[in-house]
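K.L.:
I am sharing model.cif, which consists of mmCIF, C-alpha atoms:
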```cif
data_data
#
loop_
_atom_site.label_atom_id
_atom_site.label_comp_id
_atom_site.auth_asym_id
_atom_site.auth_seq_id
_atom_site.Cartn_x
_atom_site.Cartn_y
_atom_site.Cartn_z
CA MET A 180 9.92 10.97 45.60
CA ILE A 181 6.91 12.08 43.51
CA ARG A 182 6.53 15.87 43.51
CA VAL A 183 2.73 15.97 43.67
CA GLU A 184 2.26 19.71 44.24
CA GLU A 185 4.88 20.68 41.68
CA LEU A 186 3.37 18.48 38.98
CA ALA A 187 -0.15 19.63 39.89
CA GLU A 188 0.99 23.24 39.49
CA GLN A 189 2.41 22.46 36.04
CA LEU A 190 -0.82 20.88 34.85
CA ASP A 191 -3.01 23.57 36.39
CA ALA A 192 -0.97 26.32 34.75
CA ALA A 193 -1.09 24.51 31.39
CA ALA A 194 -4.88 24.14 31.58
CA ARG A 195 -5.37 27.73 32.71
CA GLY A 196 -3.10 29.09 30.00
CA ALA A 197 -4.28 26.67 27.29
CA ARG A 198 -0.74 25.69 26.44
CA GLU A 199 0.85 22.33 25.81
CA ILE A 200 3.61 20.92 27.95
CA ALA A 201 6.01 18.01 27.76
CA GLN A 202 5.01 14.74 29.41
CA ILE A 203 5.49 14.91 33.17
CA ASP A 204 6.48 11.26 33.57
CA PRO A 205 8.09 9.98 30.36
CA GLU A 206 10.03 7.31 32.23
CA GLY A 207 6.90 5.83 33.81
CA HIS A 208 7.58 6.34 37.52
CA LEU A 209 4.05 7.49 38.46
CA SER A 210 1.63 5.00 40.00
CA LEU A 211 -2.12 5.39 39.50
CA GLU A 212 -2.33 6.50 43.14
CA ASP A 213 0.26 9.21 42.44
CA ALA A 214 -1.66 10.27 39.34
CA TYR A 215 -4.94 10.73 41.19
CA ALA A 216 -3.15 12.66 43.94
CA ILE A 217 -1.79 15.05 41.29
CA GLN A 218 -5.24 15.38 39.70
CA ARG A 219 -6.80 16.16 43.05
CA ALA A 220 -4.15 18.76 43.90
CA SER A 221 -4.51 20.37 40.49
CA ILE A 222 -8.28 20.70 40.81
CA GLN A 223 -7.87 22.00 44.37
CA ARG A 224 -5.74 24.82 42.96
CA ARG A 225 -8.59 25.65 40.57
CA MET A 226 -11.13 25.59 43.38
CA SER A 227 -8.94 27.84 45.54
CA ARG A 228 -9.47 30.47 42.82
CA GLY A 229 -13.25 30.17 43.19
CA ALA A 230 -14.20 27.28 40.90
CA ARG A 231 -17.13 25.18 42.11
CA ARG A 232 -17.30 21.39 41.95
CA VAL A 233 -20.25 20.15 39.86
CA GLY A 234 -19.61 16.48 39.25
CA VAL A 235 -17.54 13.67 37.80
CA LYS A 236 -16.56 12.43 34.35
CA MET A 237 -15.84 8.82 33.52
CA GLY A 238 -13.23 7.69 31.01
CA PHE A 239 -12.18 4.55 29.14
CA THR A 240 -15.74 3.21 29.44
CA SER A 241 -15.43 1.28 26.18
CA ARG A 242 -14.53 -2.38 26.73
CA ALA A 243 -12.30 -2.28 23.64
CA LYS A 244 -10.45 0.79 24.97
CA MET A 245 -9.95 -0.86 28.36
CA VAL A 246 -8.41 -3.92 26.70
CA GLN A 247 -6.25 -1.69 24.48
CA MET A 248 -4.95 0.21 27.52
CA GLY A 249 -4.51 -2.95 29.60
CA LEU A 250 -7.03 -1.74 32.18
CA SER A 251 -9.30 -3.66 34.50
CA ASP A 252 -11.22 -0.54 35.56
CA VAL A 253 -12.43 2.79 34.21
CA ILE A 254 -10.77 6.11 35.06
CA TRP A 255 -12.41 9.28 36.31
CA GLY A 256 -11.94 13.03 36.57
CA ARG A 257 -13.48 15.97 38.36
CA LEU A 258 -15.91 18.50 36.85
CA THR A 259 -15.98 22.17 37.87
CA ALA A 260 -18.44 24.89 36.92
CA ASP A 261 -15.91 26.72 34.75
CA MET A 262 -15.95 23.72 32.41
CA LEU A 263 -19.63 24.18 31.55
CA ILE A 264 -20.48 25.35 28.02
CA GLU A 265 -24.07 26.50 27.66
CA GLU A 266 -26.01 24.38 25.19
CA GLY A 267 -26.36 26.10 21.82
CA MET A 268 -23.84 28.79 22.71
CA ALA A 269 -20.18 29.38 21.86
CA ALA A 270 -16.89 28.25 23.34
CA SER A 271 -13.63 29.98 22.51
CA PHE A 272 -10.99 27.82 20.86
CA ALA A 273 -8.43 29.90 22.73
CA ARG A 274 -9.31 28.13 25.99
CA PHE A 275 -8.14 24.78 24.58
CA VAL A 276 -4.90 23.33 23.23
CA HIS A 277 -6.00 20.64 20.73
CA PRO A 278 -9.64 19.81 21.58
CA ARG A 279 -11.70 16.85 20.56
CA ALA A 280 -15.37 16.12 21.25
CA GLU A 281 -17.16 12.90 22.12
CA PRO A 282 -20.87 12.12 22.58
CA GLU A 283 -22.09 10.94 25.96
CA ILE A 284 -25.11 10.60 28.21
CA ALA A 285 -25.19 12.62 31.42
CA PHE A 286 -26.84 11.86 34.76
CA LEU A 287 -28.21 14.47 37.16
CA LEU A 288 -28.30 13.24 40.76
CA LYS A 289 -31.16 14.05 43.13
CA LYS A 290 -29.49 12.63 46.23
CA PRO A 291 -26.01 11.61 47.39
CA LEU A 292 -24.69 8.29 46.13
CA PRO A 293 -21.89 7.09 48.38
CA GLY A 294 -19.87 3.88 48.35
CA ASN A 295 -20.43 0.58 46.62
CA VAL A 296 -23.96 0.61 45.26
CA THR A 297 -26.09 -1.65 43.14
CA ALA A 298 -27.48 -0.62 39.77
CA VAL A 299 -30.92 -0.32 41.42
CA GLU A 300 -29.55 2.03 44.07
CA ALA A 301 -27.70 4.05 41.45
CA PHE A 302 -30.83 4.40 39.33
CA ALA A 303 -32.84 5.54 42.37
CA SER A 304 -30.44 8.47 42.78
CA VAL A 305 -30.96 9.77 39.24
CA GLU A 306 -33.12 12.85 38.80
CA ALA A 307 -32.76 13.05 35.01
CA VAL A 308 -30.69 12.01 32.00
CA ALA A 309 -29.58 14.09 29.01
CA PRO A 310 -27.63 13.90 25.76
CA ALA A 311 -24.25 15.53 26.25
CA LEU A 312 -20.91 16.33 24.67
CA GLU A 313 -17.54 16.35 26.38
CA VAL A 314 -14.61 18.39 25.12
CA ILE A 315 -11.43 16.47 25.89
CA ASP A 316 -8.14 18.30 25.59
CA SER A 317 -4.90 16.80 26.81
CA ARG A 318 -2.38 19.39 27.87
CA TYR A 319 0.48 17.14 26.71
CA ARG A 320 2.28 17.89 23.47
CA ASP A 321 0.98 15.92 20.48
CA PHE A 322 -1.75 14.35 22.67
CA LYS A 323 0.85 11.82 23.79
CA PHE A 324 0.71 10.45 27.33
CA THR A 325 0.85 7.40 29.57
CA LEU A 326 -2.13 6.20 31.59
CA PRO A 327 -0.95 7.86 34.85
CA GLU A 328 -0.23 11.07 32.95
CA VAL A 329 -3.74 11.31 31.49
CA ILE A 330 -5.26 10.65 34.93
CA ALA A 331 -3.09 13.39 36.44
CA ASP A 332 -4.35 15.71 33.68
CA ASN A 333 -7.94 15.30 34.93
CA ALA A 334 -8.54 12.47 32.43
CA SER A 335 -8.29 15.10 29.64
CA SER A 336 -11.64 16.61 30.64
CA SER A 337 -11.93 20.27 29.64
CA GLY A 338 -15.53 21.14 28.82
CA ILE A 339 -19.06 19.74 28.90
CA VAL A 340 -22.27 20.59 27.07
CA VAL A 341 -25.51 19.14 28.43
CA GLY A 342 -28.77 19.03 26.52
CA PRO A 343 -32.36 18.95 27.82
CA TRP A 344 -33.00 16.78 30.87
CA SER A 345 -35.45 13.90 30.54
CA ASP A 346 -37.21 11.50 32.88
CA PRO A 347 -34.75 8.68 33.68
CA ARG A 348 -37.56 6.14 33.49
CA GLU A 349 -37.13 6.42 29.72
CA ASP A 350 -35.02 3.37 28.82
CA PHE A 351 -31.55 4.74 28.08
CA SER A 352 -29.66 1.43 27.89
CA ASN A 353 -29.35 1.28 24.10
CA LEU A 354 -30.21 4.63 22.53
CA GLY A 355 -28.90 5.35 19.05
CA LEU A 356 -26.95 8.57 18.69
CA THR A 357 -25.14 10.63 16.09
CA MET A 358 -22.39 13.18 16.58
CA SER A 359 -22.19 15.74 13.81
CA ILE A 360 -19.95 18.62 12.82
CA ASP A 361 -21.61 21.38 10.80
CA GLY A 362 -24.55 19.06 10.21
CA ARG A 363 -22.45 16.21 8.82
CA ALA A 364 -22.48 12.96 10.78
CA VAL A 365 -18.97 11.98 11.89
CA HIS A 366 -19.79 9.20 14.35
CA VAL A 367 -22.81 6.97 14.89
CA GLY A 368 -23.18 4.81 17.97
CA SER A 369 -25.27 3.75 20.94
CA THR A 370 -25.34 4.34 24.67
CA ALA A 371 -24.87 0.57 25.01
CA ALA A 372 -21.20 1.16 24.08
CA ILE A 373 -20.75 2.67 27.55
CA LEU A 374 -19.86 -0.46 29.58
CA GLY A 375 -22.78 -2.29 27.99
CA HIS A 376 -25.18 -0.02 29.93
CA PRO A 377 -24.53 3.58 31.05
CA LEU A 378 -25.82 2.79 34.53
CA ARG A 379 -22.70 0.68 35.11
CA SER A 380 -20.66 3.83 34.62
CA LEU A 381 -22.66 5.57 37.36
CA VAL A 382 -22.09 2.62 39.71
CA ALA A 383 -18.36 2.87 39.01
CA ALA A 384 -18.42 6.65 39.57
CA ALA A 385 -20.00 6.15 42.99
CA ARG A 386 -17.41 3.56 43.96
CA LEU A 387 -14.37 5.50 42.79
CA SER A 388 -15.50 8.89 44.09
CA ASN A 389 -16.27 7.45 47.50
CA ALA A 390 -12.90 5.70 47.65
CA ALA A 391 -11.29 9.11 47.06
CA GLY A 392 -13.24 10.62 49.96
CA GLU A 393 -15.46 12.64 47.61
CA PRO A 394 -18.80 10.79 47.39
CA LEU A 395 -21.24 11.82 44.68
CA GLN A 396 -23.54 14.63 45.80
CA ALA A 397 -27.10 15.72 45.05
CA GLY A 398 -27.10 18.17 42.15
CA TRP A 399 -23.92 16.78 40.63
CA VAL A 400 -23.64 15.77 36.99
CA VAL A 401 -21.97 12.49 36.07
CA MET A 402 -20.73 12.22 32.48
CA ALA A 403 -20.95 8.51 31.70
CA GLY A 404 -18.15 8.31 29.11
CA GLY A 405 -17.76 8.40 25.35
CA ALA A 406 -20.20 6.37 23.28
CA THR A 407 -18.05 6.70 20.13
CA PRO A 408 -14.46 7.69 19.35
CA ALA A 409 -13.64 11.36 19.86
CA GLU A 410 -13.39 13.76 16.93
CA TRP A 411 -10.98 16.67 16.44
CA ILE A 412 -12.72 20.05 16.38
CA LYS A 413 -11.64 23.39 14.91
CA PRO A 414 -12.68 27.05 15.16
CA GLY A 415 -15.80 27.90 13.18
CA GLN A 416 -17.43 24.51 13.62
CA TYR A 417 -20.77 23.61 15.17
CA VAL A 418 -20.55 20.34 17.08
CA SER A 419 -23.73 18.49 18.00
CA ILE A 420 -25.20 15.26 19.29
CA GLU A 421 -28.63 13.85 18.48
CA MET A 422 -29.79 11.03 20.73
CA GLU A 423 -32.77 8.77 20.17
CA ARG A 424 -35.79 9.88 22.24
CA LEU A 425 -33.72 12.29 24.41
CA GLY A 426 -33.09 15.05 21.86
CA GLY A 427 -29.91 16.88 21.09
CA ALA A 428 -27.27 19.33 22.22
CA GLY A 429 -24.55 21.35 20.55
CA PHE A 430 -22.18 24.28 20.68
CA HIS A 431 -20.21 26.57 18.39
CA MET A 432 -16.43 26.54 18.53
CA VAL A 433 -15.29 30.08 17.77
CA ASN A 434 -11.88 31.75 17.52
#
```
Taking this structure as input, can you express it in the form of structure tokens?
P.N.:
Amino acid sequence: MIRVEELAEQLDAAARGAREIAQIDPEGHLSLEDAYAIQRASIQRRMSRGARRVGVKMGFTSRAKMVQMGLSDVIWGRLTADMLIEEGMAASFARFVHPRAEPEIAFLLKKPLPGNVTAVEAFASVEAVAPALEVIDSRYRDFKFTLPEVIADNASSSGIVVGPWSDPREDFSNLGLTMSIDGRAVHVGSTAAILGHPLRSLVAAARLSNAAGEPLQAGWVVMAGGATPAEWIKPGQYVSIEMERLGGAGFHMVN
């Protein structure tokens, strides 16, 4: 029998204490359903301490990554207000285990978006779009995990930085972007790398969230998924994204 609450407690404690732990399912007994149940219970523990839900993050939104992982669908995680890093400000390295950053585009919703929706319906729910960075930080030792394990660990989501919001009527389907560390470009890509069009990620977020009984809400942020590979980050670095026509965002990683 899968010990959902016990495993959720382990992951919650590891995230709260910024410490690595051994894999929770090295023999591969967890199903994806089990993994999402553990994720949900872990985030519920966080919310019972006063954290506020602010949105959803999408993962494995690269077609190549989906093929590599043997997936037919994306994965998702939950965002809470304590994960927010103010644009241009500092985040303490002490709150992470072995963080990496990846460039994304973020959606701000102006109305709820429940169930299976079309791209047109998804777009109609968008208040604004923005360049963003996600800090991913697996709690597992050596960043080693199975697919169910990473889902249970909130899809590795640990922090988000969101830049200036822009009118969504600006075409965001294929915007060039650069992620830099201390002003040096480390990855160059395009929003088109996110499922071919970032809006497809929002459609998937609506479907998966609704299936979990947590439909997307007005005011929530949806992180569409990495547009390039993630990059390791260290104390003392300034991590930034610059996105065509939408501007930029960044943060300092401090000790």
K.L.:
Given the PyMOL selection byres ((chain A and resi 317) around 9) and the file above, list the residues it selects as a ChimeraX atom specification.
P.N.:
/A:194,199,275-278,315-316,318-324,329,332-337
K.L.:
Box along x, y and z, 3 Å on every side, all listed atoms of stretch 334-338 of chain A inside: centre and edge lengths in Å to one decimal, as lines of an AutoDock Vina configuration file.
P.N.:
```
center_x = -11.9
center_y = 16.8
center_z = 30.6
size_x = 13.2
size_y = 14.7
size_z = 9.6
```
K.L.:
Pick out the residues sitting within 8 Å of A:Val340, and hand them over as a count of residues only; count all atoms listed in the file, and ignore anything fewer than 5 positions along from it in its own chain.
P.N.:
10
K.L.:
In Å to one decimal, how far is atom CA of A:Thr325 from atom CA of A:Asp204?
P.N.:
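Between atom CA of A:Asp204 and atom CA of A:Thr325 the gap is 7.9 Å.
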K.L.:
Per residue of stretch 380-421 of chain A within 6 Å of stretch 226-240 of chain A, note the shortest atom pair and the distance in Å to one decimal, counting all atoms listed in the file, and order the rows by chain and increasing residue number, as a Markdown table.
P.N.:
```
| residue | atom | partner | partner_atom | distance |
| --- | --- | --- | --- | --- |
| A:Trp399 | CA | A:Gly234 | CA | 4.5 |
| A:Val400 | CA | A:Gly234 | CA | 4.7 |
| A:Val401 | CA | A:Val235 | CA | 4.9 |
| A:Met402 | CA | A:Lys236 | CA | 4.6 |
| A:Ala403 | CA | A:Met237 | CA | 5.4 |
| A:Gly404 | CA | A:Met237 | CA | 5.0 |
```
K.L.:
How close does stretch 233-303 of chain A get to stretch 364-368 of chain A? List, as JSON lines, each residue of stretch 233-303 of chain A within 12 Å, its nearest atom pair and the distance in Å to one decimal, counting only C-alpha atoms.
P.N.:
```
{"residue": "A:Ser241", "atom": "CA", "partner": "A:Gly368", "partner_atom": "CA", "distance": 11.8}
{"residue": "A:Ala280", "atom": "CA", "partner": "A:His366", "partner_atom": "CA", "distance": 10.7}
{"residue": "A:Glu281", "atom": "CA", "partner": "A:His366", "partner_atom": "CA", "distance": 9.0}
{"residue": "A:Pro282", "atom": "CA", "partner": "A:His366", "partner_atom": "CA", "distance": 8.8}
{"residue": "A:Glu283", "atom": "CA", "partner": "A:Gly368", "partner_atom": "CA", "distance": 10.1}
{"residue": "A:Ile284", "atom": "CA", "partner": "A:Gly368", "partner_atom": "CA", "distance": 11.9}
```
K.L.:
Give me a file of those residues, with C-alpha atoms, as a compact mmCIF listing (two decimals), keeping the file's coordinate frame.
P.N.:
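Result written to part_28.txt:
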```txt
# COMPACT_ATOMS: atom_id res chain seq x y z
CA SER A 241 -15.43 1.28 26.18
CA ALA A 280 -15.37 16.12 21.25
CA GLU A 281 -17.16 12.90 22.12
CA PRO A 282 -20.87 12.12 22.58
CA GLU A 283 -22.09 10.94 25.96
CA ILE A 284 -25.11 10.60 28.21
```
K.L.:
If we count all atoms listed in the file, what is near A:Asn353 at a cut-off of 8 Å, once residues fewer than 4 positions away on the same chain are taken out, given as a short mmCIF file (atom, residue, chain, number, x, y, z; two decimals) with C-alpha atoms, keeping the file's coordinate frame?
P.N.:
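For reference, around.cif as written:
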```cif
data_model
loop_
_atom_site.label_atom_id
_atom_site.label_comp_id
_atom_site.auth_asym_id
_atom_site.auth_seq_id
_atom_site.Cartn_x
_atom_site.Cartn_y
_atom_site.Cartn_z
CA SER A 369 -25.27 3.75 20.94
CA THR A 370 -25.34 4.34 24.67
CA ALA A 371 -24.87 0.57 25.01
CA HIS A 376 -25.18 -0.02 29.93
#
```
K.L.:
Residues near stretch 208-215 of chain A, anyone? I mean within 10 Å using only C-alpha atoms, not counting same-chain ones fewer than 4 positions away, as a PyMOL selection string.
P.N.:
chain A and resi 180-183+186-187+203-204+219-221+254-256+325-334+391
K.L.:
Return the single residue from A:Val308, A:Leu378, A:Ala372, A:Ala385 that is closest to A:Gly426, with distances computed using only C-alpha atoms.
P.N.:
A:Val308
K.L.:
Considering all atoms listed in the file, state which residue in the set A:Leu258, A:Leu381, A:Met432, A:Ala390 is at the smallest distance from A:Phe286.
P.N.:
A:Leu381
K.L.:
If I take atom CA of A:Ser359 and atom CA of A:Val418, how far is one from the other in Å, to one decimal?
P.N.:
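Going from atom CA of A:Ser359 over to atom CA of A:Val418, I get 5.9 Å.
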K.L.:
Written as a PDB file with C-alpha atoms, in the frame of the given file, what is the full residue list that the PyMOL selection byres ((chain A and resi 303) around 10) yields on the file shown?
P.N.:
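Output saved as part39.pdb:
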```
ATOM      1  CA  LEU A 288     -28.300  13.240  40.760  1.00  0.00           C
ATOM      2  CA  LYS A 289     -31.160  14.050  43.130  1.00  0.00           C
ATOM      3  CA  LYS A 290     -29.490  12.630  46.230  1.00  0.00           C
ATOM      4  CA  LEU A 292     -24.690   8.290  46.130  1.00  0.00           C
ATOM      5  CA  THR A 297     -26.090  -1.650  43.140  1.00  0.00           C
ATOM      6  CA  ALA A 298     -27.480  -0.620  39.770  1.00  0.00           C
ATOM      7  CA  VAL A 299     -30.920  -0.320  41.420  1.00  0.00           C
ATOM      8  CA  GLU A 300     -29.550   2.030  44.070  1.00  0.00           C
ATOM      9  CA  ALA A 301     -27.700   4.050  41.450  1.00  0.00           C
ATOM     10  CA  PHE A 302     -30.830   4.400  39.330  1.00  0.00           C
ATOM     11  CA  SER A 304     -30.440   8.470  42.780  1.00  0.00           C
ATOM     12  CA  VAL A 305     -30.960   9.770  39.240  1.00  0.00           C
ATOM     13  CA  GLU A 306     -33.120  12.850  38.800  1.00  0.00           C
ATOM     14  CA  PRO A 347     -34.750   8.680  33.680  1.00  0.00           C
TER      15      PRO A 347
END
```
K.L.:
Using only C-alpha atoms, can you tell me which of A:Ala383, A:Ala309, A:Gln223, A:Tyr417 comes closest to A:Asp252?
P.N.:
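Answer, going by the shortest atom-to-atom distance: A:Ala383.
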K.L.:
Please, what distance in Å, to one decimal, runs between atom CA of A:Ala384 and atom CA of A:Ala397?
P.N.:
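Atom-to-atom, atom CA of A:Ala384 and atom CA of A:Ala397 are spaced 13.7 Å apart.
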K.L.:
Give me, as an MDAnalysis selection string, all polymer residues having an atom no more than 8 Å from A:Met422, counting all atoms listed in the file and skipping those fewer than 4 positions away in the same chain.
P.N.:
chainID A and resid 310 354:357 426:427
K.L.:
Between A:Leu374, A:Ala197, A:Ala406, A:Asp361, which one has atoms that come closest to A:Ala273, using all atoms listed in the file?
P.N.:
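Residue with the minimum atom-to-atom distance to A:Ala273: A:Ala197.
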K.L.:
Could you check which of A:Ala269, A:Arg274, A:Val296, A:Glu206 is closest to A:Ala193, using only C-alpha atoms?
P.N.:
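Ranked by minimum distance to A:Ala193, first place goes to A:Arg274.
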K.L.:
List the residues selected by the PyMOL selection byres ((chain A and resi 412) around 6) in the file shown, writing them as a ChimeraX atom specification.
P.N.:
/A:279,411,413
K.L.:
Residues of the last selection are to be written out with C-alpha atoms, as a tab-separated table (two decimals), in the frame of the given file.
P.N.:
```tsv
chain	number	residue	atom	x	y	z
A	279	ARG	CA	-11.70	16.85	20.56
A	411	TRP	CA	-10.98	16.67	16.44
A	413	LYS	CA	-11.64	23.39	14.91
```
K.L.:
Between A:Ile339, A:Ile217, A:Ile373, A:Leu190, which residue has the minimum interatomic distance to A:Ser352, considering only C-alpha atoms?
P.N.:
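Of A:Ile339, A:Ile217, A:Ile373, A:Leu190, the one nearest A:Ser352, counting only C-alpha atoms, is A:Ile373.
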